[in-house]
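Student: Data: final.cif, mmCIF, C-alpha atoms (C1' of nucleotides).
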data_structure
loop_
_atom_site.label_atom_id
_atom_site.label_comp_id
_atom_site.auth_asym_id
_atom_site.auth_seq_id
_atom_site.Cartn_x
_atom_site.Cartn_y
_atom_site.Cartn_z
CA MET A 1 84.57 120.50 86.69
CA ASN A 2 85.10 123.87 88.33
CA ILE A 3 88.67 123.63 89.57
CA LYS A 4 88.41 126.10 92.43
CA ALA A 5 85.20 124.57 93.75
CA THR A 6 86.60 121.05 93.84
CA LEU A 7 89.85 122.31 95.35
CA ILE A 8 87.93 123.97 98.15
CA ALA A 9 85.70 120.97 98.71
CA VAL A 10 88.65 118.57 98.83
CA SER A 11 90.60 120.93 101.10
CA GLU A 12 87.67 121.24 103.48
CA SER A 13 87.35 117.51 103.93
CA LEU A 14 91.11 117.01 104.38
CA PHE A 15 91.40 119.92 106.82
CA ASP A 16 88.40 118.63 108.73
CA ARG A 17 89.68 115.08 108.86
CA HIS A 18 93.37 115.66 109.61
CA GLY A 19 93.73 119.26 110.79
CA PHE A 20 94.96 122.38 108.99
CA THR A 21 98.65 122.39 109.83
CA ALA A 22 99.03 118.64 109.44
CA THR A 23 97.56 118.76 105.92
CA GLY A 24 100.35 119.64 103.50
CA MET A 25 99.96 121.25 100.10
CA ASP A 26 100.98 118.02 98.35
CA LYS A 27 98.00 116.22 99.88
CA LEU A 28 95.77 119.02 98.65
CA THR A 29 97.14 118.99 95.08
CA ARG A 30 97.02 115.20 94.98
CA GLY A 31 93.49 115.20 96.43
CA ALA A 32 92.21 117.79 93.98
CA GLY A 33 94.14 116.26 91.08
CA ILE A 34 95.86 119.50 90.11
CA SER A 35 99.43 120.80 89.99
CA SER A 36 100.82 123.04 92.71
CA ARG A 37 101.13 125.82 90.15
CA THR A 38 97.39 125.67 89.50
CA LEU A 39 96.63 125.49 93.21
CA TYR A 40 98.56 128.66 93.91
CA LYS A 41 97.01 130.43 90.94
CA HIS A 42 93.54 129.72 92.34
CA ALA A 43 94.12 129.83 96.06
CA GLY A 44 96.95 132.33 96.47
CA SER A 45 98.41 130.77 99.59
CA LYS A 46 97.62 128.21 102.24
CA SER A 47 96.19 130.84 104.60
CA ALA A 48 94.01 132.21 101.81
CA LEU A 49 92.87 128.68 100.97
CA ILE A 50 91.89 128.10 104.60
CA ALA A 51 89.95 131.37 104.58
CA SER A 52 88.18 130.36 101.34
CA VAL A 53 87.33 126.95 102.76
CA LEU A 54 85.80 128.55 105.84
CA SER A 55 83.84 131.09 103.79
CA GLU A 56 82.32 128.36 101.61
CA ARG A 57 81.55 126.26 104.66
CA GLU A 58 79.78 129.17 106.27
CA LYS A 59 77.55 129.62 103.23
CA ARG A 60 76.59 125.94 103.29
CA PHE A 61 76.06 126.06 107.04
CA LEU A 62 73.88 129.14 107.02
CA ARG A 63 71.75 127.72 104.19
CA ARG A 64 70.83 124.91 106.55
CA LEU A 65 69.97 127.29 109.38
CA GLU A 66 67.22 129.29 107.72
CA VAL A 67 64.75 128.73 110.53
CA THR A 68 62.45 130.80 112.73
CA SER A 69 62.42 128.92 116.03
CA THR A 70 64.92 127.67 118.57
CA ALA A 71 63.65 124.11 118.26
CA ALA A 72 64.13 124.22 114.48
CA LEU A 73 67.61 125.70 114.94
CA PHE A 74 68.81 122.72 116.95
CA LYS A 75 66.98 120.28 114.66
CA ALA A 76 68.95 121.84 111.81
CA LEU A 77 72.20 121.34 113.74
CA GLU A 78 71.18 117.75 114.36
CA ASP A 79 70.77 117.25 110.60
CA TRP A 80 74.12 118.93 109.95
CA VAL A 81 75.89 116.63 112.39
CA ARG A 82 74.21 113.59 110.88
CA VAL A 83 75.20 114.57 107.34
CA GLU A 84 78.58 116.23 107.87
CA GLY A 85 79.80 114.45 110.97
CA CYS A 86 80.98 116.04 114.18
CA ARG A 87 84.64 116.96 114.37
CA ASN A 88 84.03 120.16 116.31
CA CYS A 89 83.57 123.70 114.98
CA LEU A 90 85.98 124.01 112.04
CA PHE A 91 86.11 127.78 112.54
CA LEU A 92 87.34 127.57 116.12
CA ARG A 93 89.71 124.77 115.13
CA ALA A 94 91.25 126.99 112.46
CA TYR A 95 91.48 129.84 114.93
CA GLY A 96 93.16 127.61 117.49
CA GLU A 97 95.65 126.05 115.09
CA THR A 98 96.81 129.46 113.90
CA GLY A 99 96.82 130.93 117.38
CA GLY A 100 94.57 133.67 116.02
CA ASP A 101 97.70 135.14 114.43
CA THR A 102 96.73 134.74 110.77
CA PRO A 103 94.59 137.81 110.01
CA GLU A 104 92.78 136.39 106.95
CA VAL A 105 91.73 133.36 109.01
CA ALA A 106 90.94 135.17 112.25
CA GLU A 107 88.75 137.64 110.38
CA VAL A 108 86.58 134.97 108.75
CA VAL A 109 86.21 133.10 112.04
CA LEU A 110 85.21 136.09 114.15
CA ALA A 111 82.88 137.41 111.46
CA HIS A 112 81.17 134.02 111.35
CA LYS A 113 80.70 133.97 115.10
CA ALA A 114 79.29 137.50 115.04
CA ARG A 115 76.79 136.46 112.36
CA MET A 116 75.77 133.41 114.38
CA ILE A 117 75.06 135.57 117.41
CA GLU A 118 72.96 137.91 115.28
CA LYS A 119 71.01 135.02 113.82
CA ILE A 120 70.29 133.58 117.25
CA ALA A 121 69.32 137.01 118.58
CA ASP A 122 66.81 137.34 115.74
CA ILE A 123 65.26 133.95 116.41
CA VAL A 124 65.01 134.57 120.15
CA ALA A 125 63.46 138.00 119.60
CA LEU A 126 60.95 136.55 117.17
CA GLU A 127 60.01 133.78 119.54
CA THR A 128 59.77 135.68 122.81
CA GLY A 129 58.29 138.85 121.35
CA ARG A 130 60.84 140.74 123.39
CA ALA A 131 63.13 142.93 121.30
CA ASP A 132 66.21 142.33 123.37
CA ASP A 133 67.21 139.73 125.95
CA PRO A 134 71.02 139.58 125.86
CA GLN A 135 71.29 137.05 128.68
CA LEU A 136 68.94 134.58 126.98
CA VAL A 137 70.69 135.04 123.63
CA GLU A 138 74.03 134.36 125.29
CA GLN A 139 72.63 131.17 126.79
CA ILE A 140 71.36 129.89 123.44
CA VAL A 141 74.69 130.75 121.82
CA VAL A 142 76.48 128.75 124.52
CA LEU A 143 74.12 125.80 124.04
CA PHE A 144 74.66 125.87 120.29
CA GLU A 145 78.44 126.03 120.66
CA GLY A 146 78.38 123.38 123.37
CA ALA A 147 76.28 121.02 121.27
CA THR A 148 78.81 121.31 118.44
CA ALA A 149 81.77 120.63 120.72
CA ALA A 150 80.21 117.90 122.88
CA ALA A 151 78.95 116.08 119.78
CA VAL A 152 82.59 115.09 119.15
CA TYR A 153 82.42 112.58 122.01
CA ARG A 154 78.67 112.38 122.75
CA GLY A 155 77.27 112.32 119.23
CA GLU A 156 73.72 113.47 118.44
CA ARG A 157 72.66 113.06 122.08
CA ALA A 158 74.42 116.32 122.88
CA VAL A 159 72.53 118.21 120.18
CA VAL A 160 69.18 116.78 121.25
CA ALA A 161 69.81 117.69 124.88
CA ALA A 162 70.95 121.18 123.91
CA GLY A 163 67.79 121.69 121.86
CA LYS A 164 65.60 120.63 124.80
CA ALA A 165 67.46 122.97 127.14
CA ALA A 166 67.17 125.83 124.68
CA THR A 167 63.39 125.46 124.21
CA THR A 168 62.96 125.22 127.98
CA LEU A 169 64.85 128.47 128.53
CA VAL A 170 63.07 130.28 125.70
CA GLN A 171 59.66 129.03 126.87
CA ARG A 172 60.36 130.42 130.34
CA ALA A 173 61.03 133.84 128.81
CA CYS A 174 57.76 133.82 126.88
CA VAL A 175 55.45 133.89 129.90
CA MET B 176 114.43 123.05 139.03
CA ASN B 177 112.60 119.86 138.11
CA ILE B 178 113.36 119.51 134.42
CA LYS B 179 110.32 117.47 133.43
CA ALA B 180 107.90 119.74 135.26
CA THR B 181 109.23 122.89 133.64
CA LEU B 182 109.33 121.18 130.25
CA ILE B 183 105.69 120.25 130.59
CA ALA B 184 104.69 123.70 131.83
CA VAL B 185 106.54 125.44 129.00
CA SER B 186 105.14 123.03 126.43
CA GLU B 187 101.60 123.56 127.69
CA SER B 188 101.81 127.30 127.29
CA LEU B 189 103.41 127.09 123.82
CA PHE B 190 100.90 124.47 122.62
CA ASP B 191 98.05 126.54 124.01
CA ARG B 192 99.29 129.74 122.45
CA HIS B 193 100.39 128.52 119.00
CA GLY B 194 98.86 125.08 118.50
CA PHE B 195 100.36 121.60 118.77
CA THR B 196 101.49 120.94 115.21
CA ALA B 197 102.76 124.47 114.67
CA THR B 198 104.98 124.27 117.76
CA GLY B 199 108.25 122.57 116.80
CA MET B 200 110.59 120.69 119.10
CA ASP B 201 113.21 123.44 118.80
CA LYS B 202 110.81 125.98 120.30
CA LEU B 203 110.17 123.56 123.15
CA THR B 204 113.86 122.92 123.87
CA ARG B 205 114.64 126.62 123.58
CA GLY B 206 111.66 127.48 125.79
CA ALA B 207 112.56 124.95 128.47
CA GLY B 208 116.28 125.74 128.21
CA ILE B 209 117.31 122.13 127.62
CA SER B 210 118.93 120.14 124.83
CA SER B 211 116.91 117.98 122.47
CA ARG B 212 118.64 114.93 123.90
CA THR B 213 117.35 115.75 127.37
CA LEU B 214 113.89 116.50 126.03
CA TYR B 215 113.64 113.07 124.41
CA LYS B 216 115.01 111.35 127.49
CA HIS B 217 112.24 112.91 129.58
CA ALA B 218 109.37 113.08 127.13
CA GLY B 219 109.93 110.13 124.83
CA SER B 220 108.33 111.68 121.77
CA LYS B 221 106.22 114.62 120.75
CA SER B 222 102.98 112.63 121.02
CA ALA B 223 103.97 111.42 124.46
CA LEU B 224 104.82 114.99 125.46
CA ILE B 225 101.39 116.16 124.32
CA ALA B 226 99.79 113.36 126.33
CA SER B 227 101.84 114.35 129.40
CA VAL B 228 100.90 118.00 129.00
CA LEU B 229 97.22 117.08 128.85
CA SER B 230 97.47 114.78 131.87
CA GLU B 231 99.09 117.49 133.97
CA ARG B 232 96.56 120.04 132.79
CA GLU B 233 93.72 117.73 133.76
CA LYS B 234 95.09 117.39 137.30
CA ARG B 235 95.31 121.17 137.65
CA PHE B 236 91.86 121.58 136.14
CA LEU B 237 90.16 119.00 138.35
CA ARG B 238 91.77 120.48 141.45
CA ARG B 239 89.89 123.68 140.68
CA LEU B 240 86.59 121.85 140.19
CA GLU B 241 86.23 120.27 143.60
CA VAL B 242 82.74 121.63 144.16
CA THR B 243 79.33 120.30 145.15
CA SER B 244 76.90 122.50 143.25
CA THR B 245 76.24 123.50 139.66
CA ALA B 246 76.57 127.17 140.51
CA ALA B 247 79.99 126.56 142.09
CA LEU B 248 81.05 124.48 139.08
CA PHE B 249 80.54 127.37 136.70
CA LYS B 250 82.05 129.84 139.15
CA ALA B 251 85.12 127.62 139.16
CA LEU B 252 85.20 127.68 135.35
CA GLU B 253 84.89 131.45 135.49
CA ASP B 254 87.95 131.60 137.75
CA TRP B 255 89.84 129.22 135.46
CA VAL B 256 89.11 131.38 132.43
CA ARG B 257 90.16 134.51 134.27
CA VAL B 258 93.44 132.97 135.43
CA GLU B 259 94.37 130.74 132.48
CA GLY B 260 92.73 132.59 129.60
CA CYS B 261 90.28 131.18 127.11
CA ARG B 262 91.75 129.55 124.04
CA ASN B 263 89.16 126.77 123.91
CA CYS B 264 89.36 123.28 125.38
CA LEU B 265 92.99 122.16 124.92
CA PHE B 266 91.89 118.52 124.98
CA LEU B 267 89.52 118.88 122.03
CA ARG B 268 92.09 121.01 120.24
CA ALA B 269 94.66 118.24 120.58
CA TYR B 270 92.12 115.70 119.43
CA GLY B 271 91.25 117.82 116.41
CA GLU B 272 94.83 118.57 115.39
CA THR B 273 95.74 114.90 115.42
CA GLY B 274 92.49 113.86 113.74
CA GLY B 275 91.98 111.49 116.66
CA ASP B 276 94.59 109.25 115.03
CA THR B 277 97.27 109.42 117.73
CA PRO B 278 96.23 106.77 120.27
CA GLU B 279 98.19 108.17 123.24
CA VAL B 280 96.54 111.57 122.71
CA ALA B 281 93.04 110.32 121.89
CA GLU B 282 93.05 108.15 124.98
CA VAL B 283 93.87 111.00 127.37
CA VAL B 284 91.29 113.26 125.76
CA LEU B 285 88.42 110.79 125.81
CA ALA B 286 89.26 109.66 129.34
CA HIS B 287 89.19 113.28 130.46
CA LYS B 288 85.78 113.86 128.89
CA ALA B 289 84.45 110.69 130.49
CA ARG B 290 85.67 111.90 133.90
CA MET B 291 84.05 115.30 133.36
CA ILE B 292 80.71 113.67 132.60
CA GLU B 293 81.01 111.55 135.74
CA LYS B 294 81.83 114.60 137.85
CA ILE B 295 78.86 116.53 136.48
CA ALA B 296 76.57 113.54 137.00
CA ASP B 297 77.67 113.37 140.64
CA ILE B 298 77.01 117.06 141.20
CA VAL B 299 73.60 116.94 139.52
CA ALA B 300 72.60 113.84 141.49
CA LEU B 301 73.70 115.46 144.73
CA GLU B 302 71.77 118.62 143.96
CA THR B 303 68.52 117.18 142.65
CA GLY B 304 68.38 114.24 145.03
CA ARG B 305 67.55 112.09 142.03
CA ALA B 306 70.04 109.27 141.45
CA ASP B 307 69.94 109.49 137.70
CA ASP B 308 68.80 112.12 135.20
CA PRO B 309 70.81 111.51 132.01
CA GLN B 310 69.04 114.22 130.03
CA LEU B 311 69.78 116.90 132.63
CA VAL B 312 73.40 115.74 132.96
CA GLU B 313 73.79 115.93 129.19
CA GLN B 314 72.46 119.49 129.24
CA ILE B 315 74.92 120.61 131.92
CA VAL B 316 77.77 118.93 130.05
CA VAL B 317 76.78 120.83 126.91
CA LEU B 318 76.59 124.11 128.83
CA PHE B 319 80.02 123.52 130.34
CA GLU B 320 81.55 122.65 126.98
CA GLY B 321 79.78 125.55 125.32
CA ALA B 322 80.96 128.03 127.92
CA THR B 323 84.55 126.93 127.31
CA ALA B 324 84.22 127.26 123.53
CA ALA B 325 82.18 130.46 123.42
CA ALA B 326 84.53 132.13 125.89
CA VAL B 327 87.08 132.32 123.04
CA TYR B 328 85.08 135.10 121.41
CA ARG B 329 82.63 136.13 124.16
CA GLY B 330 84.90 136.08 127.18
CA GLU B 331 83.57 135.58 130.72
CA ARG B 332 80.05 136.58 129.67
CA ALA B 333 79.60 133.15 128.12
CA VAL B 334 80.56 131.38 131.33
CA VAL B 335 78.27 133.56 133.44
CA ALA B 336 75.33 132.96 131.11
CA ALA B 337 76.03 129.22 131.05
CA GLY B 338 76.07 129.14 134.85
CA LYS B 339 72.71 130.92 135.04
CA ALA B 340 71.21 128.54 132.49
CA ALA B 341 72.57 125.54 134.36
CA THR B 342 71.17 126.58 137.73
CA THR B 343 67.82 127.32 136.11
CA LEU B 344 67.65 123.83 134.59
CA VAL B 345 68.79 122.11 137.78
CA GLN B 346 66.35 124.13 139.90
CA ARG B 347 63.49 123.04 137.65
CA ALA B 348 64.44 119.40 138.24
CA CYS B 349 64.45 119.86 142.03
CA VAL B 350 60.73 120.60 142.40
"C1'" DG C 351 139.01 107.42 142.23
"C1'" DT C 352 136.34 105.77 139.24
"C1'" DA C 353 131.84 104.20 137.33
"C1'" DG C 354 127.34 105.61 136.31
"C1'" DA C 355 123.99 108.79 135.72
"C1'" DT C 356 122.62 113.21 133.81
"C1'" DG C 357 123.32 117.06 131.58
"C1'" DT C 358 125.21 120.02 127.46
"C1'" DA C 359 126.21 121.58 122.46
"C1'" DA C 360 126.09 120.56 117.79
"C1'" DA C 361 125.79 117.98 113.80
"C1'" DA C 362 123.48 114.64 111.01
"C1'" DT C 363 119.32 112.01 109.74
"C1'" DG C 364 115.90 111.82 105.88
"C1'" DA C 365 111.47 113.60 105.33
"C1'" DT C 366 108.39 117.20 104.56
"C1'" DC C 367 107.14 122.10 104.74
"C1'" DG C 368 105.06 126.15 101.69
"C1'" DT C 369 106.24 128.29 97.59
"C1'" DT C 370 108.36 129.40 93.06
"C1'" DT C 371 110.20 128.23 88.74
"C1'" DT C 372 111.23 126.08 84.38
"C1'" DA C 373 109.70 123.92 80.36
"C1'" DC C 374 106.01 122.20 77.75
"C1'" DA C 375 100.98 121.01 75.99
"C1'" DC C 376 96.29 122.36 75.03
"C1'" DT C 377 92.51 125.27 74.04
"C1'" DT C 378 90.26 129.57 72.54
"C1'" DG C 379 89.22 134.15 70.39
"C1'" DG C 380 90.73 137.91 67.34
"C1'" DC D 381 97.75 131.82 62.55
"C1'" DC D 382 99.24 133.16 66.48
"C1'" DA D 383 98.97 135.31 71.00
"C1'" DA D 384 97.00 134.80 75.42
"C1'" DG D 385 95.30 132.06 78.75
"C1'" DT D 386 95.16 127.85 81.41
"C1'" DG D 387 96.58 123.68 82.42
"C1'" DT D 388 100.40 119.93 83.37
"C1'" DA D 389 104.73 117.62 85.32
"C1'" DA D 390 108.78 118.04 87.75
"C1'" DA D 391 112.48 120.12 89.84
"C1'" DA D 392 114.33 123.40 92.87
"C1'" DC D 393 113.98 126.60 96.77
"C1'" DG D 394 115.64 127.27 101.61
"C1'" DA D 395 113.47 126.31 105.84
"C1'" DT D 396 111.88 123.39 109.19
"C1'" DC D 397 110.18 118.90 110.78
"C1'" DA D 398 110.89 115.01 114.61
"C1'" DT D 399 114.44 112.23 115.98
"C1'" DT D 400 119.15 110.18 116.70
"C1'" DT D 401 123.93 110.41 117.33
"C1'" DT D 402 128.57 111.83 118.53
"C1'" DA D 403 131.57 113.84 121.69
"C1'" DC D 404 132.24 116.04 125.95
"C1'" DA D 405 131.35 118.09 130.80
"C1'" DT D 406 129.73 117.65 135.55
"C1'" DC D 407 127.98 115.63 139.56
"C1'" DT D 408 127.24 111.79 142.90
"C1'" DA D 409 127.94 107.46 145.38
"C1'" DC D 410 130.32 103.41 146.45
#
Represent the supplied structure as structure tokens.
Tutor:
Amino acid sequence: MNIKATLIAVSESLFDRHGFTATGMDKLTRGAGISSRTLYKHAGSKSALIASVLSEREKRFLRRLEVTSTAALFKALEDWVRVEGCRNCLFLRAYGETGGDTPEVAEVVLAHKARMIEKIADIVALETGRADDPQLVEQIVVLFEGATAAAVYRGERAVVAAGKAATTLVQRACV
Amino acid sequence: MNIKATLIAVSESLFDRHGFTATGMDKLTRGAGISSRTLYKHAGSKSALIASVLSEREKRFLRRLEVTSTAALFKALEDWVRVEGCRNCLFLRAYGETGGDTPEVAEVVLAHKARMIEKIADIVALETGRADDPQLVEQIVVLFEGATAAAVYRGERAVVAAGKAATTLVQRACV
DNA sequence: GTAGATGTAAAATGATCGTTTTACACTTGG
DNA sequence: CCAAGTGTAAAACGATCATTTTACATCTAC
């Protein structure tokens, strides 16, 4: 019944399915069952709506990634892909569609990526016992990003393979 | 002086910089210095122009990837990123912006990804001596895709790390 | 020398863009 | 009871969308 929550949920699925620029405000109002006046009162503008959608998505995403091992991290991504589908990273898609020129959007995207790196760094540190291994962290970040992107055309296989590669690399660093 | 070639080159850079949907036909005609009539005579339609842009980009991309080792593959990607910048995979961006619903675009994108997998499979087979190692191929594909995506916010570091990870994994399979 | 191809500029097509506004109905708290 | 808040529907905003058309200039080849 919460208008803003349903607006954001509807917007997320439409943006994800058809793209940000290609999804007009009329499709959003129609989808959420509200007037354009109400939409603008709650969302402010299209850019702000996109930023809100991404912020909410990040919360939901991070809730699924509360893990303490690399293997569990990629298992969590596997679950995410199974439940939410794989249409590539919505953050990078938003960044790309706006050319990085919409500050409210760019900020949310880059902040999200920074948080992801931190999270992965924590997991790697916990697992290897080493406080800092930037090269290994970078590799796991790349595998995570690659699994998300490749899943578009390879499906879950990509995530499984990425998880195996990640555990192999982390294992090697534990010796 | 070739009108179609310059049109495609200009379109590629505008699409890459600002996104496909956000780039209108007037910016393309203005950018290429031609009339809209001439644009449509050469390109057919916007979807067809996008498909042409991607086809030309693939040719240029593959020409840079004529290598015979995993290490060289990622070095080539490093060069590509340095020369052409890193705004994420333009093929997946096109696929995402059109929701995969524009057949001419979807076809070029998926065909390109299929060719990339084949190329990587060939390199891996050549390097390991094994005819077929689908899991390892999948891992290198994910690393390649991940390097491209992560380079948006990590720059060349991501590509370097991906290359190191790839050679490590391939080496392991050679023993 | 004229027909055909290839280009231009510019206007018109009807649809759709994001956003604001006008006018009206319903609830809720003082 | 009425003022404030929150919602609706619908129209209007000027801009821009992809595409087509009309009218005209320039080259090239037979």
Student: Can you check which parts of chain C lie within 8 Å of chain B? Per residue, the shortest pair of atoms and distance in Å to one decimal, counting all atoms listed in the file, sorted by chain and number, as CSV.
Tutor:
residue,atom,partner,partner_atom,distance
C:DG357,C1',B:Thr213,CA,7.4
C:DT358,C1',B:Ser210,CA,6.8
C:DA359,C1',B:Ser210,CA,7.8
Student: Is it possible to get the residues within 12 Å of (112.6, 119.0, 89.5) (coordinates as in the file, counting all atoms listed in the file) written as a PyMOL selection string?
Tutor: (chain C and resi 370-373) or (chain D and resi 389-393)
Student: Determine the residue set returned by the PyMOL selection byres ((chain A) within 8 of (chain B)) for the present structure, and present it as a PDB file with C-alpha atoms, in the frame of the given file.
Tutor:
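Once written, expr-v3.pdb looks like this:
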ATOM      1  CA  ARG A  17      89.680 115.080 108.860  1.00  0.00           C
ATOM      2  CA  HIS A  18      93.370 115.660 109.610  1.00  0.00           C
ATOM      3  CA  GLY A  19      93.730 119.260 110.790  1.00  0.00           C
ATOM      4  CA  PHE A  20      94.960 122.380 108.990  1.00  0.00           C
ATOM      5  CA  THR A  21      98.650 122.390 109.830  1.00  0.00           C
ATOM      6  CA  ALA A  22      99.030 118.640 109.440  1.00  0.00           C
ATOM      7  CA  ARG A  87      84.640 116.960 114.370  1.00  0.00           C
ATOM      8  CA  ASN A  88      84.030 120.160 116.310  1.00  0.00           C
ATOM      9  CA  ARG A  93      89.710 124.770 115.130  1.00  0.00           C
ATOM     10  CA  GLY A  96      93.160 127.610 117.490  1.00  0.00           C
ATOM     11  CA  GLU A  97      95.650 126.050 115.090  1.00  0.00           C
ATOM     12  CA  THR A  98      96.810 129.460 113.900  1.00  0.00           C
ATOM     13  CA  GLY A  99      96.820 130.930 117.380  1.00  0.00           C
ATOM     14  CA  LEU A 110      85.210 136.090 114.150  1.00  0.00           C
ATOM     15  CA  LYS A 113      80.700 133.970 115.100  1.00  0.00           C
ATOM     16  CA  GLN A 135      71.290 137.050 128.680  1.00  0.00           C
ATOM     17  CA  LEU A 136      68.940 134.580 126.980  1.00  0.00           C
ATOM     18  CA  GLU A 138      74.030 134.360 125.290  1.00  0.00           C
ATOM     19  CA  GLN A 139      72.630 131.170 126.790  1.00  0.00           C
ATOM     20  CA  VAL A 141      74.690 130.750 121.820  1.00  0.00           C
ATOM     21  CA  VAL A 142      76.480 128.750 124.520  1.00  0.00           C
ATOM     22  CA  LEU A 143      74.120 125.800 124.040  1.00  0.00           C
ATOM     23  CA  PHE A 144      74.660 125.870 120.290  1.00  0.00           C
ATOM     24  CA  GLU A 145      78.440 126.030 120.660  1.00  0.00           C
ATOM     25  CA  GLY A 146      78.380 123.380 123.370  1.00  0.00           C
ATOM     26  CA  ALA A 147      76.280 121.020 121.270  1.00  0.00           C
ATOM     27  CA  ALA A 149      81.770 120.630 120.720  1.00  0.00           C
ATOM     28  CA  ALA A 150      80.210 117.900 122.880  1.00  0.00           C
ATOM     29  CA  TYR A 153      82.420 112.580 122.010  1.00  0.00           C
ATOM     30  CA  ARG A 157      72.660 113.060 122.080  1.00  0.00           C
ATOM     31  CA  ALA A 158      74.420 116.320 122.880  1.00  0.00           C
ATOM     32  CA  ALA A 161      69.810 117.690 124.880  1.00  0.00           C
ATOM     33  CA  ALA A 162      70.950 121.180 123.910  1.00  0.00           C
ATOM     34  CA  ALA A 165      67.460 122.970 127.140  1.00  0.00           C
ATOM     35  CA  LEU A 169      64.850 128.470 128.530  1.00  0.00           C
TER      36      LEU A 169
END
Student: What would the selection look like, as a list in words, if the PyMOL selection byres ((chain D) within 12 of (chain B)) were run on the coordinates I just shared?
Tutor: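 So the PyMOL selection byres ((chain D) within 12 of (chain B)) ends up selecting DT396, DC397, DA398, DT399, DT400, DT401 and DT402 of chain D.
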Student: Can you report as JSON the centre and edge lengths in Å, to one decimal, of an axis-aligned box around the listed atoms of range 153-161 of chain A padded with 6 Å on each side?
Tutor:
{"center_x": 75.8, "center_y": 115.3, "center_z": 121.7, "size_x": 25.2, "size_y": 17.9, "size_z": 18.4}
Student: Contacts of Glu66 in chain A at 10 Å or less, counting only C-alpha atoms (C1' of nucleotides), minus same-chain residues fewer than 5 places along, as a count of residues only?
Tutor: 5
Student: Within 10 Å of (121.7, 110.2, 138.1), in the coordinates the file gives, what residues turn up when you count all atoms listed in the file, written out as a list in words?
Tutor: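 Protein, DNA and RNA residues close to (121.7, 110.2, 138.1): DG354, DA355, DT356 and DG357 of chain C; DC407, DT408 and DA409 of chain D.
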Student: Applied to the shown file, which residues does the PyMOL selection byres ((chain C and resi 377) around 12) return, written as a PyMOL selection string?
Tutor: (chain C and resi 375-376+378-379) or (chain D and resi 384-387)
Student: To one decimal place, how far is CA of Leu301 in chain B from CA of Ser244 in chain B in Å?
Tutor: 7.9 Å
Student: To one decimal place in Å, what is the distance between CA of Ile50 in chain A and C1' of DA365 in chain C?
Tutor: 24.4 Å
Student: What is the CA of Glu12 in chain A to CA of Phe266 in chain B distance in Å?
Tutor: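 Going from CA of Glu12 in chain A over to CA of Phe266 in chain B, I get 22.1 Å.
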